[in-house]
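Undergrad: Input: one structure, supplied below.
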Amino acid sequence: MSFRRVRHEALNEEYYYMKHATGYDIYVIPKPEHTKTYATFAAKYGSIDNTFKADGDAQFSTVPAGIAHFLEHKLFENEKENAFARYAKTGANANAYTSFDKTAYLFSCTDRFAESFEILLDFVQSPYFTPETVKKEQGIIGQEIRMYEDNAEWRVFFNLLSALYHRHPVRIDIAGTIESISGITADMLYRCYNHFYNPSNMVIIVCGPVLPGEVAAIADRCLKPKPNMSIVRSYPDEPAQSAQKLTRQSLSVASPIFHLGIKDTALPKDGFALVKKRAVTEALLQYVAGESSPLYRRLYDEGLINASFATEAMYSVSYGVTMLGGESRNPEKVRELFWEEIARIRREGLEEKTFSRCKNALYGKQVARFDSVEAIANGFLSARFAGVDLFDVVRAYGEISLEDAARRLIEHFNEDCSALSVIDPVK
Amino acid sequence: MENKVISGIQACLIPSRKFKTNSICISFIAPLSEKDASYNALLCNVLRRGSAAYPSLTDLNIRLEELYGANLFTQIRKKGDFQLVTLGVEFLDNSLALSGEDLFSEAAELLFGLILEPHLPGGCFDPAYVESEKTNLIDYINAKINDKRAYAVSRCFELMCAGEPFGLDEHGKTGIVSAIDPCSLFEHYKAFVSRTPMVVCCVGRYDENVLSKKLSRFKSGARGGVPVARPEKKRPSSVREFTDIMEVEQAKLSMGFRSSVTCADGADSVAALSLFNAVFGGSPHSKLFENVRERLSLCYYCASRPERFKGAMIVYSGVEDKNIALAREEILRQLERIQKGDISDGELDAAVKTQVNAYKSALDSPASMEDFYVSQLIAGDSSTIEEMAKRVAAVTKERISEVARGMVLDTVYVLRGAKGGEGA
C-alpha cells in the first residue's frame, strides 16, 4: 500500500493520499516546520442527515433532530474511560464538532502524536451507549441548547435558515430541541452509528510535522475492517423561493442584529463546479458589499452598519446560502439599499478592474489559510466531502472570470429567494 | 525572539520562515482609566478610518485589496490595570506577491501612515468620522450584553473590582465617549502618540532597515519604556453577592476570586498558576469539567481562568436557575480538594502535558506569539515560550495546592431570567 503525492508548486505545499486496506481514505499534509500537529477523523454525517436508508432497507426512516450531534457527544464515552481522560495522558487538545453535513473528531498536539492518534482512531471506532449514559447527556446537551437560545448571533442565523427553507432540515438547529433529543435512545444511536460511521463515509486527515509513513503505521495497527454500507439520504424537495421574507425575534441585545440571505437550490452535482460556485459568489459579495464597495461606504457613512458587518457564502452538496449581516439600526433599510445596488450593478455591468482587485484579495485569503494546520485540515475536510481537494479550491478561486460573475449576478441574486432575519432588543 | 530598542522604540522581533503571512503590530500601553480608556479606544477607531494618503475607508480598503487582502486590524486589550491599544497589519510574504511587490514596505507604510499621518481636513480629525465612530464605539460597548457568557464574566469583575482600574471596561465608558469632540480628541492624539509607551512586534520575515526608518518617525524623547505590572494583592473580608435579572433562558454563574499569585511573583509562580488552573477548571479533564459537567450533568460549560496581571481568577458557568446553588457548592468543593492536596498523579501529569501543549502551540500562531511576548514585557519576565513550557513541567503538587490556598472567593454574580426558580 502506498501514498500518492500531490504537489502545488506555487504554494510550495503538498499532500499524500492513501486508500487504507480497511477502506478509509487517509490524507497527510506535512508541515515540517510547524510545532503542532492536527488530526481529524470525520464522517460525512451531519444534522441534516435525519432521513435515510441503507443496504437492504425497504423504506426511508427518520430519526429525531439533533441525533448526529448527540452521537458526537456520546462517542467520547466508553465502557472503561472517556476519551478526554485518555487524551489527558498525552496532553493533546481534543475536541469534536457537528455541523449540518459532517461530524469531526479532532485533536492537536505538540508531542506524543502517535499516542493521541491511536486514541482518536480507537474511540471513534468504539461506540458504547447505554440508557444511563444517554440520560446523562440529555442534561448536558439540554444546557447547550439553552445556551444557544440566548445567543443572538446563533438565533439570527437559524431564524434566517428557517425563513429561507420550507422543508430542508438545514432549517433545524444542529443540536435539535430539548424535546427532540428527549426521544433519543441508545438503540437509535447504534443504528445511526452503524450506518454512517463506515469507511466509505469517513476520512482521516493529518496536518503537521509528521511523515506519511508514521501515520500509515498507526492506521495499520488501529483501523478495523468494517463493512461498507451504501447510504441513501433523502432530502425533501425544496422550492426555489424562500418560505418567509422576514422573521423577527426579540432577545436581550443592545441594538438590532440582522442576517440577509439568498438561497440557492440549483446546486451542481460536480464537486469542482460547487466549489467554483462558492468562489464566484464570494467574489461577488466582495464586489457588491465588501469593504471597498460604494454600498459598504454608503451603509457605513449613514450609520446603517458598523465594523461587525460581514458576508459569507455557505455552500454544501444539498444547500447553499449567500449571507450578509451584522448590527444595524435599520435592517430593512440595509435590505432595500442592497437590492437597489444589485439592480444598479446589473444595469451598469461589472468593472474589470474592481473585479480583479476583489479576486486578488480572495487569492491572498486562500493562501493565508496555509499558515494554520487547523485551517488546512478543516479546509481539506470540507473540500474532500464536496468531492475535491484543497488545491482544487485554490484553483477554483484562480479560475473565476468576470463572465462567471456576471452570470451569477443575474441568476442568483433574486429577491424571491431571499429572507431577512432580525433580532430586536427586548422592549 | 529578540527584544531590542530600534530608533528609540521597544521592538519585539520574532523571525520565522514557516509562515506565508507576516505581521506588524504597534501597541501603546496606557494605564487604564475611565477617561483615557474612552479617548484611546475612540482614537484607535478614528485612526482606522483613514490616513493622509488614504483619506476614506474606501481608499484604505481598496489599498488593502491591492495588497492581496491584507488584514488591517485594531485591538483593545486589558492586561491587569493597563490598556493596550493596538493597530496591526497581516499581509502575504513578498515571495507570494504575484507582481513582485515589496509587501513588507507597502504594508508598513500603510500602518505607520495611519498612526503618524492621520486624515486631518482643516488641521483636525474629520468631524464626520469622529461622530460615526463615537456611535459605533458606544454601540460596541452596549452590545457586550449580547454575549451573555462573556458579559457575565466581565460584569463580575466590574462588581468585584469597582474602584480599581481592572474593573473598568477597556473600551471606555459610553457617557465619556459621547462627550468627546474632534478637537479634544486631536489634542489627546498628539500627546498619546508622542508620550505613550509603545512596542512594535514583527512576526515572520521583516526588513529591520525599513522598520528602523519607519520607527524613527516616532518621537522617542518624552516616551517612557514599557511599564511593568506590579499588581497590589487584595484580600476580601467577606463574599459579596450580586444578581442581575434579564430575559434569558439559561442563568449564568460567575465567581470572582482574589489570587495570591500575580505576574510580579516571577515565571515559576506564573507556571504554577497556569498548572493550578489546568487542574481546577482550565481543561476538559479538570475537576470542574469532570464534576460539575460530567458527574452532576449541571451545565455545558464550567471553567476557570486566572488573571495574572491582576491577582484574580474567574469561574464561569451556564446553569439552570434551580441548580445555581448546587453548582456553586460543587465549584467550592472542588477548589477545597485542591487546597487540601487532593491531586492525583494522573491529574498532575495531565495538567503538565496540557499546559506544555498550550504553550508550544502558540509557536504556530503569529497572533499568539505577539500576545505572549508583549505580555511578557509588561510582566517584566524574559522567559520565552519554550522556557515557560519547561517551567510548567517542573511544578509540584505542593505548589499547586499552595496556589489554590491563595484563592479567596470575593464576589458571586448571577445573571438570570425573571421567571426562574428560587431566588438568589
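For the C-alpha cells, the naming scheme is as follows: chains receive sequential letters (A, B, ...) according to their order of presentation, residues are indexed from 1 within each chain, and ligands are indexed from 1 in presentation order.
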Contacts from chain A to chain B, 7 Å maximum, only C-alpha atoms: show me the residue list as a count of residues only.
TA: 45
Undergrad: Which of segment 182-286 of chain A end up as strand (DSSP E) when DSSP is run on this backbone - answer as a PyMOL selection string?
TA: chain A and resi 202-208+231-233+246-251+257-263
Undergrad: Identify which of the residues A:Glu403, A:Asp187, A:Asp111, A:Glu79 lies closest to Ala389 of chain B, counting only C-alpha atoms when measuring atom-to-atom distances.
TA: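 Nearest candidate to Ala389 of chain B out of A:Glu403, A:Asp187, A:Asp111, A:Glu79: A:Asp111.
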Undergrad: Run DSSP on the backbone and grab whatever in segment 183-257 of chain A lands in helix (DSSP H, G or I); send it over as a list in words.
TA: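 Listing helix (DSSP H, G or I) positions across segment 183-257 of chain A yields Ala186, Asp187, Met188, Leu189, Tyr190, Arg191, Cys192, Tyr193, Asn194, His195, Phe196, Pro199, Ser200, Asn201, Pro212, Gly213, Glu214, Val215, Ala216, Ala217, Ile218, Ala219, Asp220, Arg221 and Cys222 of chain A.
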Undergrad: Excluding Ala377 of chain A and any residue of its chain fewer than 6 positions from it, enumerate the residues within 7 Å of it, using only C-alpha atoms, and give them as a list in words.
TA: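 Counting only C-alpha atoms, the residues come to Ile205, Val206 and Cys207 of chain A.
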Undergrad: With all heavy atoms retained, write the just-selected residues as a compact mmCIF listing (two decimals), in the first residue's frame.
TA:
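Generated output (result-v2.txt):
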# COMPACT_ATOMS: atom_id res chain seq x y z
N ILE A 205 -7.65 12.91 8.26
CA ILE A 205 -6.75 13.95 7.75
C ILE A 205 -5.77 14.34 8.85
O ILE A 205 -6.17 14.59 9.99
CB ILE A 205 -7.55 15.18 7.28
CG1 ILE A 205 -8.47 14.79 6.13
CG2 ILE A 205 -6.62 16.31 6.85
CD1 ILE A 205 -9.46 15.86 5.71
N VAL A 206 -4.47 14.37 8.51
CA VAL A 206 -3.45 14.75 9.48
C VAL A 206 -2.60 15.85 8.87
O VAL A 206 -2.16 15.74 7.72
CB VAL A 206 -2.55 13.55 9.86
CG1 VAL A 206 -1.53 13.98 10.90
CG2 VAL A 206 -3.39 12.39 10.37
N CYS A 207 -2.38 16.93 9.61
CA CYS A 207 -1.56 18.02 9.10
C CYS A 207 -0.59 18.47 10.18
O CYS A 207 -1.01 18.75 11.31
CB CYS A 207 -2.47 19.17 8.67
SG CYS A 207 -1.57 20.58 8.03
Undergrad: Let me make sure I understand: among A:Asp237, A:Gln249, A:Met229, A:Asn95, which one has the smallest atom-to-atom distance to Glu153 of chain A if we use only C-alpha atoms?
TA: A:Gln249
Undergrad: Would you mind telling me which residue in A:Arg369, A:Arg4, A:Arg408, A:His73 lies nearest to Lys277 of chain A when using only C-alpha atoms?
TA: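 Among the listed residues, A:Arg408 lies closest to Lys277 of chain A.
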Undergrad: For a test of reading the model, state the distance in Å between atom CA of Thr51 of chain A and atom CA of Thr22 of chain A, rounded to one decimal.
TA: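 Taking atom CA of Thr51 of chain A as the start and atom CA of Thr22 of chain A as the end point, the length is 26.9 Å.
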Undergrad: Which residues are close to Leu260 of chain A, i.e. within 10 Å by only C-alpha atoms, leaving aside same-chain residues fewer than 2 positions away? Reply as an NGL selection string.
TA: :A and (156-157 or 160 or 164 or 245-246 or 258 or 262 or 311 or 321-326 or 331-332 or 334-335 or 338 or 418-422)
Undergrad: Sorted by chain and rising residue number, which residues of segment 223-280 of chain B lie within 9 Å of segment 158-173 of chain B, and what are their closest atom pairs and distances in Å to one decimal, counting only C-alpha atoms, as a tab-separated table?
TA:
residue	atom	partner	partner_atom	distance
B:Arg240	CA	B:Met160	CA	8.0
B:Phe242	CA	B:Leu159	CA	8.1
B:Gly256	CA	B:Met160	CA	6.9
B:Phe257	CA	B:Met160	CA	8.7
Undergrad: Excluding Tyr190 of chain A and its own-chain neighbours fewer than 6 positions away, which residues fall within 10 Å of it when counting only C-alpha atoms? Please give them as a ChimeraX atom specification.
TA: /A:71,127-129
Undergrad: The selected residues should be written to file as an mmCIF file, in the first residue's frame (atoms: N, CA and C atoms).
TA:
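The new file part.cif reads:
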data_model
loop_
_atom_site.group_PDB
_atom_site.id
_atom_site.type_symbol
_atom_site.label_atom_id
_atom_site.label_comp_id
_atom_site.auth_asym_id
_atom_site.auth_seq_id
_atom_site.Cartn_x
_atom_site.Cartn_y
_atom_site.Cartn_z
ATOM 1 N N LEU A 71 -24.769 11.946 19.114
ATOM 2 C CA LEU A 71 -23.843 10.834 18.890
ATOM 3 C C LEU A 71 -22.393 11.308 19.072
ATOM 4 N N PRO A 127 -18.061 2.472 19.736
ATOM 5 C CA PRO A 127 -19.250 3.075 20.347
ATOM 6 C C PRO A 127 -19.646 2.342 21.621
ATOM 7 N N TYR A 128 -20.169 3.088 22.558
ATOM 8 C CA TYR A 128 -20.681 2.489 23.794
ATOM 9 C C TYR A 128 -21.812 3.368 24.317
ATOM 10 N N PHE A 129 -23.028 2.902 24.135
ATOM 11 C CA PHE A 129 -24.181 3.698 24.559
ATOM 12 C C PHE A 129 -25.057 2.861 25.478
#
Undergrad: Give me the residues within 12 Å of Arg217 of chain B as a list in words, counting only C-alpha atoms and dropping any in the same chain fewer than 3 places off.
TA: Ile6, Ser7, Gly8, Ile9, Glu109, Phe112, Gly113, Ile115, Leu116, Glu117, Val193, Ser194, Val210, Leu211, Ser212, Lys213, Lys214, Ser220 and Gly221 of chain B
Undergrad: Write out the residues from the selection above, keeping C-alpha atoms, as a PDB file, in the first residue's frame.
TA:
ATOM      1  CA  ILE B   6      15.148  50.345  17.463  1.00  0.00           C
ATOM      2  CA  SER B   7      15.211  54.096  16.797  1.00  0.00           C
ATOM      3  CA  GLY B   8      14.349  54.607  20.447  1.00  0.00           C
ATOM      4  CA  ILE B   9      11.285  52.339  20.332  1.00  0.00           C
ATOM      5  CA  GLU B 109       3.951  52.362   5.098  1.00  0.00           C
ATOM      6  CA  PHE B 112       2.687  53.837  10.080  1.00  0.00           C
ATOM      7  CA  GLY B 113       0.834  56.350   7.910  1.00  0.00           C
ATOM      8  CA  ILE B 115      -0.829  56.364  13.086  1.00  0.00           C
ATOM      9  CA  LEU B 116       1.553  59.206  12.197  1.00  0.00           C
ATOM     10  CA  GLU B 117      -0.166  60.966   9.299  1.00  0.00           C
ATOM     11  CA  VAL B 193       1.232  59.280  20.094  1.00  0.00           C
ATOM     12  CA  SER B 194       4.305  61.108  21.350  1.00  0.00           C
ATOM     13  CA  VAL B 210      12.848  49.544   6.699  1.00  0.00           C
ATOM     14  CA  LEU B 211      11.477  49.147  10.221  1.00  0.00           C
ATOM     15  CA  SER B 212      14.161  51.344  11.720  1.00  0.00           C
ATOM     16  CA  LYS B 213      13.454  54.134   9.236  1.00  0.00           C
ATOM     17  CA  LYS B 214       9.741  53.983   9.886  1.00  0.00           C
ATOM     18  CA  SER B 220      11.039  58.921  21.458  1.00  0.00           C
ATOM     19  CA  GLY B 221      12.192  61.692  23.809  1.00  0.00           C
TER      20      GLY B 221
END
Undergrad: Set the distance at 7 Å and use only C-alpha atoms: which residues neighbour segment 339-354 of chain A once local chain neighbours fewer than 5 positions away are removed? I'd like the list as an mmCIF file with N, CA and C atoms, in the first residue's frame.
TA:
data_model
loop_
_atom_site.group_PDB
_atom_site.id
_atom_site.type_symbol
_atom_site.label_atom_id
_atom_site.label_comp_id
_atom_site.auth_asym_id
_atom_site.auth_seq_id
_atom_site.Cartn_x
_atom_site.Cartn_y
_atom_site.Cartn_z
ATOM 1 N N LEU A 295 -21.414 50.494 -1.835
ATOM 2 C CA LEU A 295 -22.528 50.167 -0.947
ATOM 3 C C LEU A 295 -22.059 50.166 0.509
ATOM 4 N N LEU A 402 -14.776 37.287 -14.984
ATOM 5 C CA LEU A 402 -15.789 38.334 -14.961
ATOM 6 C C LEU A 402 -17.118 37.812 -15.532
ATOM 7 N N ALA A 406 -20.717 37.803 -13.819
ATOM 8 C CA ALA A 406 -21.858 38.492 -14.429
ATOM 9 C C ALA A 406 -23.057 37.542 -14.507
#
Undergrad: I'd like the interatomic distance between atom CA of Ile338 of chain B and atom CA of Glu398 of chain B, to a tenth of an Å.
TA: 9.6 Å
